[in-house]
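Note sheet for the following structure.
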Protein chains: 4
Amino acid sequence: MEVSLRFKPVRCATLGEPQIRSPLRRSRVPGDGCPFKSDDQWVPHDAVLTLGPEGPAEQYLFEHAGPRDRIFFDPQKTTAAVVTCGGLCPGLNDVIRSLFFELHFNYGIQRVWGIRNGFLGLNPERGPKPIELTTDFVADIHWQGGTALGTSRGPQEVSMMVDTLQSLGVNLFFCVGGDGTQRGAHAIGEEIARRRLPMSVIGIPKTIDNDIPYCDRTFGLVTAVEKARDVVVQAHTEAKAAVRGIGLVKLMGREAGFIACGATIASQEVNFTLIPEVPFELHGERGLLAALRRRMADRHHAVIAVAEGAGQSFFADLPVSYDASGNKKHHDIGPYLKQEIRRYFQEMNEGVDIKYIDPSYIIRSAPANSEDRLLCNQLARNAAHAAMAGKTDLLVCAKNGTYMHVPIMMAVAEKQKVDPRGELWASVLASTGQSLYFG
Amino acid sequence: MEVSLRFKPVRCATLGEPQIRSPLRRSRVPGDGCPFKSDDQWVPHDAVLTLGPEGPAEQYLFEHAGPRDRIFFDPQKTTAAVVTCGGLCPGLNDVIRSLFFELHFNYGIQRVWGIRNGFLGLNPERGPKPIELTTDFVADIHWQGGTALGTSRGPQEVSMMVDTLQSLGVNLFFCVGGDGTQRGAHAIGEEIARRRLPMSVIGIPKTIDNDIPYCDRTFGLVTAVEKARDVVVQAHTEAKAAVRGIGLVKLMGREAGFIACGATIASQEVNFTLIPEVPFELHGERGLLAALRRRMADRHHAVIAVAEGAGQSFFADLPVSYDASGNKKHHDIGPYLKQEIRRYFQEMNEGVDIKYIDPSYIIRSAPANSEDRLLCNQLARNAAHAAMAGKTDLLVCAKNGTYMHVPIMMAVAEKQKVDPRGELWASVLASTGQSLYFG
Amino acid sequence: MEVSLRFKPVRCATLGEPQIRSPLRRSRVPGDGCPFKSDDQWVPHDAVLTLGPEGPAEQYLFEHAGPRDRIFFDPQKTTAAVVTCGGLCPGLNDVIRSLFFELHFNYGIQRVWGIRNGFLGLNPERGPKPIELTTDFVADIHWQGGTALGTSRGPQEVSMMVDTLQSLGVNLFFCVGGDGTQRGAHAIGEEIARRRLPMSVIGIPKTIDNDIPYCDRTFGLVTAVEKARDVVVQAHTEAKAAVRGIGLVKLMGREAGFIACGATIASQEVNFTLIPEVPFELHGERGLLAALRRRMADRHHAVIAVAEGAGQSFFADLPVSYDASGNKKHHDIGPYLKQEIRRYFQEMNEGVDIKYIDPSYIIRSAPANSEDRLLCNQLARNAAHAAMAGKTDLLVCAKNGTYMHVPIMMAVAEKQKVDPRGELWASVLASTGQSLYFG
Amino acid sequence: MEVSLRFKPVRCATLGEPQIRSPLRRSRVPGDGCPFKSDDQWVPHDAVLTLGPEGPAEQYLFEHAGPRDRIFFDPQKTTAAVVTCGGLCPGLNDVIRSLFFELHFNYGIQRVWGIRNGFLGLNPERGPKPIELTTDFVADIHWQGGTALGTSRGPQEVSMMVDTLQSLGVNLFFCVGGDGTQRGAHAIGEEIARRRLPMSVIGIPKTIDNDIPYCDRTFGLVTAVEKARDVVVQAHTEAKAAVRGIGLVKLMGREAGFIACGATIASQEVNFTLIPEVPFELHGERGLLAALRRRMADRHHAVIAVAEGAGQSFFADLPVSYDASGNKKHHDIGPYLKQEIRRYFQEMNEGVDIKYIDPSYIIRSAPANSEDRLLCNQLARNAAHAAMAGKTDLLVCAKNGTYMHVPIMMAVAEKQKVDPRGELWASVLASTGQSLYFG
C-alpha cells in the first residue's frame, strides 16, 4: 500500500558545516555497524496516522537526535558549560552527570564549566563563580535530589551573560530549565549569532508539569507522579480514618494536570481529580461541592487531588502578578478549596474533617527514580551530540519512544496539556468515578 | 513537502461487524468531542523516517488501540474471563484490577471470571475452580506483588480449555502471559473459530525481559530495572568494602539484556555489563577475565552485571533441556562465571573476593511501581476495548508512546533484542567504560 | 557487694484473684520451662544506679508485664473490645491485629469487638456500630497506615459508654490513645468499679510525640523519626540549591521534641533544632535570627527543624484555646518563624529564600516500619496478658528494654520530655553545631 | 520498702587517673546542669527484679557510659584511629562519622586516622595505607551502606599492629567488629599494656546477628530485620502465586536467630521459623517435613524462614572448617532444606514449587535506617567518651535503654541467644502458628 503524506520538516539552526570526524566512531564496540544518525532521519510528530476518506493531515517532521558522523567542534579546542535554572525537579543531577560523562569521556572535551545558581552565575558582579566540573565532583551527585550547581529564578541581562560565556571560552552551552529559561537561552543564541561566535546553545527542557509541547515526557515527571501517588495514599488513609474525612491534596500543575492525573491512576484512591484543562463549577447542582456532598453521603470519606492551576477562574476578579521567572503567579487553589468546602458543609450543617496537604517541596526535591534516570541520561547525551554537531537554538525532546530536536521558540510558543478527550483523562474518570457524583 | 510511503497495514481478526452503540459514549465528561478511535487510525511501526536518496523502507501499520464507537458484544449478555500465566512480573494485579474496572464499571459487564493458576485453572479435573471477580476482591490487590489469581507454567489441552471457557459462558478471554502463553491463546482462538463461538481472545504480553517485538516496553520492566538497580548498588557496596572485591549480579534476561542495561545506566555503578546480544570471550587477551584483571589492577574493585542469557555459548557442549512452558532452559551463567573468575585469579596468584548475588525472585515479585501502574492501566483498558469491539487473536502493545494491536502469531514469531549499535547500548558502554578494559 | 535499696512498688488494680489455669501453657513449644511472669517480678524505674556517698535515691518498682500462670477470665465466656482514639499514629493497625491474634488464637476468646471511630463508636445514637473482628478483617491491615477501626477526637459521656460496653458483653476493654483517651479509660474504669462489672480496662499509650512518662518509647515514634528525617533531607536539598536558601521544617512535638531531635541526629543535616524543652529568644544578639544570620554569612544555606511546641512563649499575649480532646491548642510556630525570618532579613537588606514544609499528615499516616511493628506486637500481647489476668486501669509501657504496667493516672499526671542535659540533646548539639552560632 | 541486693560491680581497666578538665563542659548549652556521668553510676544487668521468698539473685553492675568531668588525654596532644573489621553491617559509616565528629568537633582532637581494610590496614607490608579523616571525607558517608574504610576478615600479627599504631602516634584506638575482632582488640590492649603505652583500646561491637551478650541490641540489627522482612514478604508472594508454592528464605544468624524472629514478627507472613536455639527434627511424625506437609494440605502454600545456624545437627557427620576470622563455618542449611523438601514431596508423590532465596548480601550492605543511626551515634559518642577518660579494653553496649561499658573478654566469652521461653519466641509462635503443624 502506498500513501502520500504531507510533511513540514523542521530543520534546526546550525553553526556551519560539520567536517570533523566524530571520535565516537571508535568507542562503539562491538560490531562494525554505524551508530550514527543522519540528518535525513526524521521523527514524524504524530505517532498515529489517520487514513480514510479525507486522508491524513499534514504533520511536522523533526530532526532525529543522536550522534553524527561528522561534528562541527574539535573536541581538543572545545569548552562546554551547563546551567540549571528555575524550581527543583528530580533528575537535574543526572543530567549534569551524564552531560559531563558524554562530553568528557566520549568526546574528549577537557573543560566543562558548571555555571552556579542559574543565570545568576553568569552575572560576574552578583553571582557565584563558575566551577570546573570533574569526575570527582559529579561522581555521586545522582544519588541526591536538587542540583549540585544550585539554581535561581529569573533572567539576567543577555549581553552580560554572553560576555561571561565568551570570557570562559565556552563553545557549547547547555541550559536546563523551563520555558522562561529556554526563552533566555534563545536570546543568548541570538546575541551569539549577532556576535558571530562559534557557540552552540542547546536546551534540555525541565518542567515537572510536563507542559512543554512536542515532548511526550519531560524528566522528573515519573518521579513526581510516584511521590504524589504516595501522598495521595496518605490523604486517603487520613480521610478514611476520620469521621467524615476529606483528604485534599494540592499537586503541581500550573497549566497541565499530568501529575494529578498520574497520581490518580497510580494510586486508584482519588475520588475527584481537578485539573486546569477541565473547568468545573464550585457551587450549584453540578458544582464540586454538591458532588462532594453526594460522595460523602454515599461513602463518608473522599480524596480530592487538585492541580495548582485548576479552578483559577474562581479568582478572575483578583489582581494578577508574576514571579521572578515571569510566570503568572497562580492564586492558591488549595487553601481556597479547603475554606469553601468547610464553609459549604457548615452551611449544610454536616460535619466534615478536612486534611489539607501541599507536598510540593517534598515532591520536587526527590532524587530521580530509576526510569527518570534513563531519560535524563538519553536527553543529556543527545544534547551533547547535537551541540558537537554544531546544531544550536534547539531543545532535545523525548517523543514517540525516541528523541528529536525542536527549535526553542517553537517549543515555548504554547503549552502541552492533558487532552480531556484522550485516554489519560478517561483513565482518571474510570478510576475516580467522579462523573457519577458530578451528575 | 509530500512524500510517498509504502505501508503494510496489519489488520487483526474480528468476530464480525460491531453494531452496538458503545456505552462509553456517556461516561466521557466533560466535553462533547469523540473519545473513540477508528479502524482508520494506524500506528506506523517506525518512529523514525529515513528520507534521502533511496527513500524510506516499507513499514508495518498496526491498528490503533482504543475504544470503538460501535462494539460487537452486548454488555448485558457478555461474560469475561482473565488468566495470568508463567513467572511473576510486577503489575499483574494492576492489569487484573484495571481490566475488571473497565469491563464492569465502564462497559457494564456483570460477570468477570478469574481463572486461577494459569491455564491449569481451565483444567476442571486438576486445576482450582475459577472465582468470580468483585469490587471487593480487586480493591486492594494492586498494593501487592504477584498475582491474586495465582499462576502456573505450561500448557493444557486446548480443546478442554475451550470446553471450560464455553461452560463458563465466556465471551471475552484475556490472557496475560509470555510468548508460550500467547501461543496457547492463539491455539484457543483457533479452536474457538473452529467451533464458531462468539468469543474474543485478547493477549496482554507479559515479559519482564521486554523481549516481545513490536512493544517498546512491556509492563514490569521499569519496576524490574529499579529493583535490579538497587541490587547493583549493593554489589558495588560489597565490592568496594572488600579487599579486591568483585560484585557479580545475575539479572533476568534470557534472550534480551534490557534489565541489565537499564540497571547499569540507572545505577552508574556497573563496570562490565554482559548481555545475550553482545557475545564475549572469557579467556584470552580480549576476554572478560583479562579485562577484569586490568580493571582490578587499576581500581581494585569491580561490579559485573550479567543477564542470564549471556555467555550461553560457553555451554555449547552441554545437553539442552526445556521448562514446563517450553522455554529452553539456560545454563546458569552466574555460578559459572563466579567459578571461572575465582579459578583465573587463583592461577594468576592474585586474591579476589567475589560476592555473587542472584536476586531474581526479589525483583519479579515486587509490586509495580507508579510508572508501571500507568502502563498496566492503559494495556488493560485497551484490551477491554479491543475485546468489546469483537477483535480477537491479538496482543495489545505499547509502541511509540501510544497503543496498538498486533496479531498474536506475528508478535511471538521472534524476540525483541537490545540493539548493539543503538543508543541504549552506547549509554551502557559510556557508563561502564568496559571497552577500555576489553582493549 | 551488698547494697540496700529503697523502692516504692506500684501495684496495679485487679478485678480479683486469678484462679483459672492459663491456656498459654500448652502453646509454648518447645521446652518445658515456664513462660510465665509472676507478680513478684518488678521493673525498677531507673536503668542507672547511682551509688557513692549519699547512696541511691528511692525509686519506683513497676509490675513486670507478661503472661500469668493463673488468669481471671475464662476464655470461653469472655468478650473483648478495642478502640483507637485521637490523631493517627503509625502502628495502630499492628496493635489491633496483634491484640486480636493473641486473644483469639492464643487465649481462645471467641468474640472481639472493634469499636469504630474512637469513643464516638460507644455512643449508640451518633456513632457507627461496632464490628466483630475476624481473621479476614485483620489479615492485611498491618500493611496500611491509619486505623482500620477509624478514630475521632474528644470524649463521650462515661455512663453511656459503659452502658454500651455492657450491652456488648465486653469483659476486656482495650483503649489505644493519648493521655486524653487514657483519662477517659480511667473514668470508664471507675464507672465499671462502681457498677461492680467484671470488666478490665487496659490502655496502650499512643503518642507519636513520645511524651508519656515511664515509657522509653511509644509506638510510632521510630517511624515518625524516619519519615521526618526524609523531609529534613529534602529541606536541605531545597536550601542548598537555592540562593541563600533556608529550609524550615515544622515537626510534631507539642510538649516534647523527641521527633525533632531524632530527625536531626538521623539526618545530620539540621543546623538549628528548636524544641519546647529548650527556650530560645528570637531577637537580640543571642536570638535565633542573629544566629541564623551568622550561619548564612558562613555557609549561605541553613535547615531549621522546629517542634510545634517550641517558642510558644512568643504567643504569650494571645488567647488560649483547646481542641476536642482537651489539648491546649498551640499557636502555629511554623508560619510565625517563616514570617519573622523573612522580615528580619528584609530589614537587614539581605535576601533569603525560605522553603517552609509542614509534613505532619504525611508522617503520622505512614504504616509502621519494621521496628515499630515489633513494639506494637509486644505492647498488644502484653495488654492481652494483663487483661486476662484481671488487672485493670493500667497502661502497658516499654521501659528499660522490657515491658511493665503503670497505673493510668500515674502515667497521665505529667509529660515526658527531652532532657536538655542528657545525651540525646548533646547529640543534637553535636550534629547541628548550633551552639557556635547562638554564641 | 527496703531491699538488700547483691551486686558484682564490673570495673573496666583504665590507663590512669583522669586529671584533665573535659572541654565538653562548655559545649553543653543551654542549662547550667552537669552533663557528666560519674564512675559511681552503674547499670544493673537485669532490667527485671524478682523479689519473693528466695529473694533476688546476685547480678552484675556495669559502668554507666557517658562523658566524664575529668579526662585522661589532653585533646591537643591526642591522636585517634578507627578500624572496621569483618562482614558488612548497616551503620558502619554512621559509627565512623559520629566518632570523628565527637572527637574532632567536641573534644578538639586534630588527627583521626582511618585504618583501611580492617586489621590488614595495620600491616604496613601488605595492607593499604591509613588515611586521615576529614570533615569532607565523612560528610556524606552515612547515606551509603558498607564502610568507607573498607574491611577484611582475619587477624594480623599483634606486635606488628601495635608497632603501626605506635608509629602513627595513636592514643585512642577504636575497633568496630565482631567477637573475633574484639579478641584481637584485647590482644592489642595486652601488648599496649606490656609496652606501657598511653593508648586506649575501645571496642564497638558489630554483629548483625545480635549475638553479643550484655547488649540488648547491636547496631544494624533493626535495619537487617527490616530488609529481611521485605524478602520474607516477597517469598510469601511467590509461594501464594504458585501451585503449591513454598518460599524458603535463609537469613543471617549463626548462633542466634534474632533476625529470623524479627522478620517473622514484622512480616506476619512466615509459617515456620527455624533458629539455632530451637532444635527440630527433619523426618518423622514430629519433623519439619511432616509438619510442612500438613500445612500444605491445609493452605497450599507456606513460607519458611531459616537462620543459617539452624539445623546444624543434620551435618554432624561432616567435617568442620573455619573462616579467616576463626568462625566455625556453618554447613549451608538453605540448599540442604530445599533438597530435602523436594525429595520428601517427590516421595509423597505430591508436587511442590520451591522458591529459595538467600538475601544475605542485600541485607548486610544496606545503609542503616533511621533507628540504627541513632544507635550508632550514641555508641560512637560513648566510645569517644570512654577513650578520652582513659578507660580501655572495653566494649560500649546498649542495655536496658541506656549505655554501659563491658570488659572485652567478658563480652566475647559467650554468645547471646534467643530465649525459647521468652516473649520474642512466643511472638514468633503466635505469628507462625507452627506449633499446630509440628503437632
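Ordering of the C-alpha cells sets the chain letters (A, B, ...), residue numbers begin anew at 1 in every chain, and ligands are numbered from 1 in the order given.
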| task | as an MDAnalysis selection string, please: all residues of segment 212-372 of chain A that backbone DSSP puts in alpha helix (DSSP H). | result | chainID A and resid 221:241 258:267 288:299 333:347 360:364 370:372
Using only C-alpha atoms, what does the table of chain B residues within 7 Å of chain D look like, with each row giving the shortest atom pair and its distance in Å to one decimal, sorted by chain and ascending number, as a Markdown table?
| residue | atom | partner | partner_atom | distance |
| --- | --- | --- | --- | --- |
| B:Asn117 | CA | D:Val243 | CA | 6.6 |
| B:Gly145 | CA | D:Thr237 | CA | 6.3 |
| B:Gly146 | CA | D:Thr237 | CA | 5.5 |
| B:Thr147 | CA | D:Ala241 | CA | 5.9 |
| B:Ala148 | CA | D:Ala241 | CA | 7.0 |
| B:Gly150 | CA | D:Ala241 | CA | 4.0 |
| B:Thr151 | CA | D:Ala242 | CA | 5.6 |
| B:Ser152 | CA | D:Ala242 | CA | 6.1 |
| B:Val231 | CA | D:Ile362 | CA | 6.7 |
| B:Gln234 | CA | D:Ser365 | CA | 5.8 |
| B:Thr237 | CA | D:Gly146 | CA | 5.5 |
| B:Glu238 | CA | D:Ser365 | CA | 6.4 |
| B:Lys240 | CA | D:Gly150 | CA | 6.9 |
| B:Ala241 | CA | D:Gly150 | CA | 4.0 |
| B:Ala242 | CA | D:Thr151 | CA | 5.6 |
| B:Val243 | CA | D:Ser152 | CA | 6.3 |
| B:Ile362 | CA | D:Gln234 | CA | 6.2 |
| B:Ser365 | CA | D:Gln234 | CA | 5.8 |
| B:Ala366 | CA | D:Gln234 | CA | 6.9 |
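Taking only C-alpha atoms into account, Ala302 of chain A lies nearest to A:Tyr437 out of the set A:Phe137, A:Tyr214, A:Trp143, A:Tyr437.
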Segment 163-177 of chain D surroundings by only C-alpha atoms, 7 Å radius, close-in-sequence under 5 positions cut, as a compact mmCIF listing (two decimals) with all heavy atoms, in the first residue's frame:
# COMPACT_ATOMS: atom_id res chain seq x y z
N THR D 78 46.52 14.48 71.38
CA THR D 78 45.95 13.14 71.23
C THR D 78 45.64 12.83 69.77
O THR D 78 45.16 13.69 69.04
CB THR D 78 44.67 13.02 72.09
OG1 THR D 78 45.04 13.20 73.45
CG2 THR D 78 43.99 11.69 71.90
N THR D 79 45.94 11.61 69.40
CA THR D 79 45.64 11.13 68.05
C THR D 79 44.78 9.86 68.17
O THR D 79 45.02 9.02 69.05
CB THR D 79 46.95 10.79 67.30
OG1 THR D 79 47.64 12.02 67.06
CG2 THR D 79 46.67 10.10 65.98
N ALA D 80 43.79 9.79 67.30
CA ALA D 80 42.90 8.63 67.35
C ALA D 80 42.99 7.84 66.05
O ALA D 80 43.49 8.34 65.04
CB ALA D 80 41.47 9.09 67.58
N ALA D 81 42.50 6.60 66.10
CA ALA D 81 42.40 5.77 64.89
C ALA D 81 41.17 4.90 65.02
O ALA D 81 40.79 4.50 66.12
CB ALA D 81 43.65 4.91 64.72
N VAL D 82 40.55 4.62 63.87
CA VAL D 82 39.36 3.76 63.88
C VAL D 82 39.52 2.73 62.77
O VAL D 82 40.02 3.01 61.70
CB VAL D 82 38.06 4.59 63.71
CG1 VAL D 82 38.12 5.49 62.48
CG2 VAL D 82 36.84 3.68 63.65
N VAL D 83 39.07 1.50 63.08
CA VAL D 83 39.13 0.43 62.10
C VAL D 83 37.81 -0.32 62.08
O VAL D 83 37.16 -0.45 63.12
CB VAL D 83 40.30 -0.54 62.44
CG1 VAL D 83 40.03 -1.30 63.73
CG2 VAL D 83 40.59 -1.51 61.30
N THR D 84 37.40 -0.77 60.90
CA THR D 84 36.19 -1.59 60.78
C THR D 84 36.58 -2.95 60.21
O THR D 84 37.27 -3.02 59.21
CB THR D 84 35.14 -0.93 59.85
OG1 THR D 84 35.74 -0.66 58.58
CG2 THR D 84 34.64 0.37 60.43
N CYS D 85 36.13 -4.01 60.86
CA CYS D 85 36.58 -5.37 60.51
C CYS D 85 35.40 -6.32 60.25
O CYS D 85 34.30 -6.10 60.77
CB CYS D 85 37.40 -5.96 61.65
SG CYS D 85 38.79 -4.94 62.16
N GLY D 86 35.66 -7.36 59.50
CA GLY D 86 34.68 -8.43 59.31
C GLY D 86 33.64 -8.10 58.26
O GLY D 86 33.82 -7.20 57.45
N LEU D 122 46.74 -2.43 59.27
CA LEU D 122 47.79 -2.22 60.27
C LEU D 122 49.04 -3.04 59.92
O LEU D 122 50.01 -3.07 60.68
CB LEU D 122 47.29 -2.59 61.67
CG LEU D 122 46.22 -1.63 62.22
CD1 LEU D 122 45.68 -2.14 63.55
CD2 LEU D 122 46.79 -0.22 62.39
N GLN D 182 37.17 -8.31 68.37
CA GLN D 182 37.31 -7.80 69.74
C GLN D 182 38.36 -8.61 70.51
O GLN D 182 39.07 -8.04 71.35
CB GLN D 182 35.96 -7.79 70.47
CG GLN D 182 34.88 -6.95 69.77
CD GLN D 182 35.28 -5.49 69.50
OE1 GLN D 182 36.26 -4.98 70.06
NE2 GLN D 182 34.53 -4.83 68.62
N ALA D 185 41.34 -6.94 69.49
CA ALA D 185 41.48 -5.66 70.18
C ALA D 185 42.03 -5.87 71.59
O ALA D 185 42.89 -5.12 72.06
CB ALA D 185 40.13 -4.96 70.23
N PRO D 198 50.56 4.89 76.37
CA PRO D 198 49.34 5.60 76.71
C PRO D 198 48.33 5.48 75.57
O PRO D 198 48.13 6.41 74.81
CB PRO D 198 49.82 7.05 76.89
CG PRO D 198 50.98 7.17 75.95
CD PRO D 198 51.59 5.81 75.81
N MET D 199 47.78 4.28 75.45
CA MET D 199 46.86 4.06 74.36
C MET D 199 45.64 3.29 74.86
O MET D 199 45.78 2.22 75.46
CB MET D 199 47.54 3.26 73.24
CG MET D 199 46.83 3.39 71.89
SD MET D 199 47.42 2.22 70.64
CE MET D 199 49.17 2.50 70.65
N SER D 200 44.48 3.86 74.58
CA SER D 200 43.21 3.24 74.98
C SER D 200 42.65 2.44 73.81
O SER D 200 42.71 2.88 72.66
CB SER D 200 42.24 4.34 75.39
OG SER D 200 40.94 3.84 75.44
N VAL D 201 42.15 1.25 74.11
CA VAL D 201 41.53 0.42 73.08
C VAL D 201 40.05 0.23 73.42
O VAL D 201 39.72 -0.36 74.45
CB VAL D 201 42.21 -0.96 72.99
CG1 VAL D 201 41.51 -1.83 71.96
CG2 VAL D 201 43.68 -0.79 72.64
N ILE D 202 39.19 0.75 72.56
CA ILE D 202 37.75 0.68 72.82
C ILE D 202 37.09 -0.06 71.67
O ILE D 202 37.30 0.27 70.51
CB ILE D 202 37.14 2.10 72.93
CG1 ILE D 202 37.87 2.92 74.00
CG2 ILE D 202 35.64 2.03 73.20
CD1 ILE D 202 37.63 2.46 75.42
N GLY D 203 36.26 -1.04 72.03
CA GLY D 203 35.55 -1.78 71.00
C GLY D 203 34.10 -1.32 70.86
O GLY D 203 33.45 -0.97 71.85
N ILE D 204 33.64 -1.31 69.63
CA ILE D 204 32.20 -1.11 69.38
C ILE D 204 31.74 -2.40 68.73
O ILE D 204 32.18 -2.74 67.62
CB ILE D 204 31.95 0.11 68.48
CG1 ILE D 204 32.43 1.37 69.20
CG2 ILE D 204 30.47 0.21 68.14
CD1 ILE D 204 32.30 2.63 68.37
N PRO D 205 30.87 -3.14 69.44
CA PRO D 205 30.51 -4.47 68.95
C PRO D 205 29.69 -4.39 67.67
O PRO D 205 28.71 -3.66 67.60
CB PRO D 205 29.70 -5.08 70.09
CG PRO D 205 29.23 -3.93 70.91
CD PRO D 205 30.22 -2.82 70.71
N LYS D 206 30.09 -5.14 66.68
CA LYS D 206 29.39 -5.19 65.40
C LYS D 206 29.00 -6.62 65.14
O LYS D 206 29.86 -7.46 64.87
CB LYS D 206 30.31 -4.69 64.29
CG LYS D 206 29.67 -4.63 62.91
CD LYS D 206 30.62 -5.13 61.85
CE LYS D 206 30.80 -6.63 61.99
NZ LYS D 206 31.67 -7.25 61.02
N ALA D 387 37.13 6.45 75.84
CA ALA D 387 38.54 6.53 75.47
C ALA D 387 39.19 7.78 76.07
O ALA D 387 40.28 7.71 76.65
CB ALA D 387 38.68 6.53 73.95
| field | Test item: residues at most 8 Å from segment 382-385 of chain B, only C-alpha atoms, excluding those fewer than 5 positions along its chain, as a list in words | value | Ala65, Gly66, Pro67, Arg68, Leu99, Glu102, Leu103, Phe174, Ile202, Gly203, Ile204, Leu395, Val396 and Tyr403 of chain B
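Using only C-alpha atoms, the protein and nucleic acid residues lying no more than 6 Å from segment 5-11 of chain D, apart from those fewer than 6 places from it along its own chain, are C:Met1, C:Glu2, C:Val3, D:Glu58, D:Gln59, D:Tyr60, D:Leu61, D:Phe62.
The two atoms in question, atom CA of Leu24 of chain B and atom CA of Gly189 of chain B, are spaced 26.5 Å apart.
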Going by DSSP on the backbone, which bits of segment 218-406 of chain B are strand (DSSP E)? Write them as a compact mmCIF listing (two decimals) with N, CA and C atoms, in the first residue's frame, please.
# COMPACT_ATOMS: atom_id res chain seq x y z
N GLY B 245 37.50 -6.62 45.94
CA GLY B 245 36.17 -7.20 45.87
C GLY B 245 35.58 -7.15 44.46
N ILE B 246 34.87 -8.21 44.12
CA ILE B 246 34.15 -8.27 42.84
C ILE B 246 32.69 -8.59 43.14
N GLY B 247 31.81 -7.69 42.77
CA GLY B 247 30.37 -7.94 42.92
C GLY B 247 29.84 -8.49 41.61
N LEU B 248 29.24 -9.65 41.66
CA LEU B 248 28.72 -10.30 40.45
C LEU B 248 27.22 -10.48 40.61
N VAL B 249 26.45 -9.83 39.76
CA VAL B 249 24.98 -9.88 39.87
C VAL B 249 24.40 -10.51 38.62
N LYS B 250 23.64 -11.56 38.80
CA LYS B 250 22.93 -12.15 37.65
C LYS B 250 21.54 -11.55 37.59
N LEU B 251 21.20 -11.02 36.43
CA LEU B 251 19.89 -10.40 36.28
C LEU B 251 19.06 -11.16 35.25
N PHE B 272 31.16 -3.96 34.13
CA PHE B 272 31.02 -4.86 32.98
C PHE B 272 29.56 -5.31 32.89
N THR B 273 28.91 -4.98 31.78
CA THR B 273 27.55 -5.43 31.54
C THR B 273 27.59 -6.47 30.44
N LEU B 274 27.07 -7.63 30.73
CA LEU B 274 27.14 -8.75 29.78
C LEU B 274 25.73 -9.16 29.40
N ALA B 302 35.33 -4.18 41.36
CA ALA B 302 34.57 -4.19 40.11
C ALA B 302 33.18 -4.74 40.35
N VAL B 303 32.25 -4.31 39.51
CA VAL B 303 30.90 -4.87 39.54
C VAL B 303 30.56 -5.39 38.14
N ILE B 304 30.07 -6.60 38.09
CA ILE B 304 29.66 -7.22 36.83
C ILE B 304 28.16 -7.50 36.89
N ALA B 305 27.43 -7.03 35.88
CA ALA B 305 26.01 -7.39 35.75
C ALA B 305 25.87 -8.29 34.55
N VAL B 306 25.42 -9.51 34.79
CA VAL B 306 25.31 -10.46 33.69
C VAL B 306 23.85 -10.91 33.52
N ALA B 307 23.33 -10.73 32.33
CA ALA B 307 21.99 -11.22 32.03
C ALA B 307 22.03 -12.74 31.94
N ASP B 353 37.87 -11.25 46.08
CA ASP B 353 36.79 -11.61 47.00
C ASP B 353 35.48 -11.40 46.24
N ILE B 354 34.91 -12.52 45.78
CA ILE B 354 33.73 -12.45 44.90
C ILE B 354 32.44 -12.57 45.71
N LYS B 355 31.53 -11.61 45.49
CA LYS B 355 30.21 -11.70 46.12
C LYS B 355 29.20 -11.89 45.00
N TYR B 356 28.56 -13.02 44.99
CA TYR B 356 27.62 -13.34 43.91
C TYR B 356 26.18 -13.16 44.40
N ILE B 357 25.39 -12.42 43.65
CA ILE B 357 24.00 -12.18 44.03
C ILE B 357 23.08 -12.55 42.89
N LYS B 391 -12.72 -7.68 18.26
CA LYS B 391 -11.42 -8.08 17.72
C LYS B 391 -10.91 -9.29 18.50
N THR B 392 -10.01 -10.05 17.88
CA THR B 392 -9.55 -11.26 18.55
C THR B 392 -8.16 -11.67 18.06
N LEU B 394 -5.19 -11.15 19.19
CA LEU B 394 -4.23 -10.04 19.10
C LEU B 394 -3.64 -9.74 20.48
N LEU B 395 -2.52 -9.05 20.44
CA LEU B 395 -1.90 -8.52 21.65
C LEU B 395 -2.06 -7.00 21.67
N VAL B 396 -2.24 -6.46 22.85
CA VAL B 396 -2.21 -5.01 22.99
C VAL B 396 -0.78 -4.61 23.36
N CYS B 397 -0.20 -3.72 22.60
CA CYS B 397 1.21 -3.36 22.79
C CYS B 397 1.38 -1.84 22.90
N ALA B 398 2.33 -1.44 23.75
CA ALA B 398 2.70 -0.03 23.85
C ALA B 398 3.81 0.24 22.85
N LYS B 399 3.61 1.20 21.97
CA LYS B 399 4.59 1.45 20.91
C LYS B 399 4.59 2.93 20.56
N THR B 402 2.19 5.29 22.15
CA THR B 402 0.75 5.05 22.10
C THR B 402 0.52 3.53 22.17
N TYR B 403 -0.69 3.09 21.85
CA TYR B 403 -1.03 1.67 22.00
C TYR B 403 -1.60 1.14 20.70
N MET B 404 -1.31 -0.13 20.42
CA MET B 404 -1.74 -0.69 19.15
C MET B 404 -2.02 -2.19 19.29
N HIS B 405 -2.62 -2.75 18.23
CA HIS B 405 -2.94 -4.18 18.19
C HIS B 405 -1.95 -4.91 17.30
N VAL B 406 -1.45 -6.04 17.78
CA VAL B 406 -0.56 -6.87 16.97
C VAL B 406 -1.10 -8.31 16.99
| field | Surrounding residues of Glu350 of chain A excluding itself and chain neighbours under 4 positions, 10 Å, only C-alpha atoms, as number ranges by chain | value | A: 244, 293, 296-297, 342, 344-346
For the selection you just gave me, I'd like the residues written to a file as an mmCIF file, in the first residue's frame, keeping C-alpha atoms.
data_model
loop_
_atom_site.group_PDB
_atom_site.id
_atom_site.type_symbol
_atom_site.label_atom_id
_atom_site.label_comp_id
_atom_site.auth_asym_id
_atom_site.auth_seq_id
_atom_site.Cartn_x
_atom_site.Cartn_y
_atom_site.Cartn_z
ATOM 1 C CA ARG A 244 -16.427 12.085 57.516
ATOM 2 C CA ARG A 293 -21.690 16.104 49.304
ATOM 3 C CA MET A 296 -19.840 11.925 51.403
ATOM 4 C CA ALA A 297 -23.437 10.811 51.837
ATOM 5 C CA ARG A 342 -15.583 23.856 55.143
ATOM 6 C CA TYR A 344 -20.332 24.715 52.483
ATOM 7 C CA PHE A 345 -20.667 21.806 54.874
ATOM 8 C CA GLN A 346 -21.076 24.171 57.802
#
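Counting only C-alpha atoms, Phe314 of chain D has the following residues at most 10 Å away, ignoring those fewer than 4 positions along the same chain: Phe280, Glu281, Leu282, Ala310, Leu318, His331, Ile333 and Tyr336 of chain D.
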For the selection just defined, write its residues with C-alpha atoms to a file, as an mmCIF file, in the first residue's frame.
data_model
loop_
_atom_site.group_PDB
_atom_site.id
_atom_site.type_symbol
_atom_site.label_atom_id
_atom_site.label_comp_id
_atom_site.auth_asym_id
_atom_site.auth_seq_id
_atom_site.Cartn_x
_atom_site.Cartn_y
_atom_site.Cartn_z
ATOM 1 C CA PHE D 280 13.998 -29.584 65.298
ATOM 2 C CA GLU D 281 13.785 -32.906 63.523
ATOM 3 C CA LEU D 282 13.501 -33.127 59.786
ATOM 4 C CA ALA D 310 19.604 -23.706 62.463
ATOM 5 C CA LEU D 318 30.530 -33.818 58.086
ATOM 6 C CA HIS D 331 27.098 -26.022 56.605
ATOM 7 C CA ILE D 333 21.201 -25.276 55.698
ATOM 8 C CA TYR D 336 20.027 -28.694 52.160
#
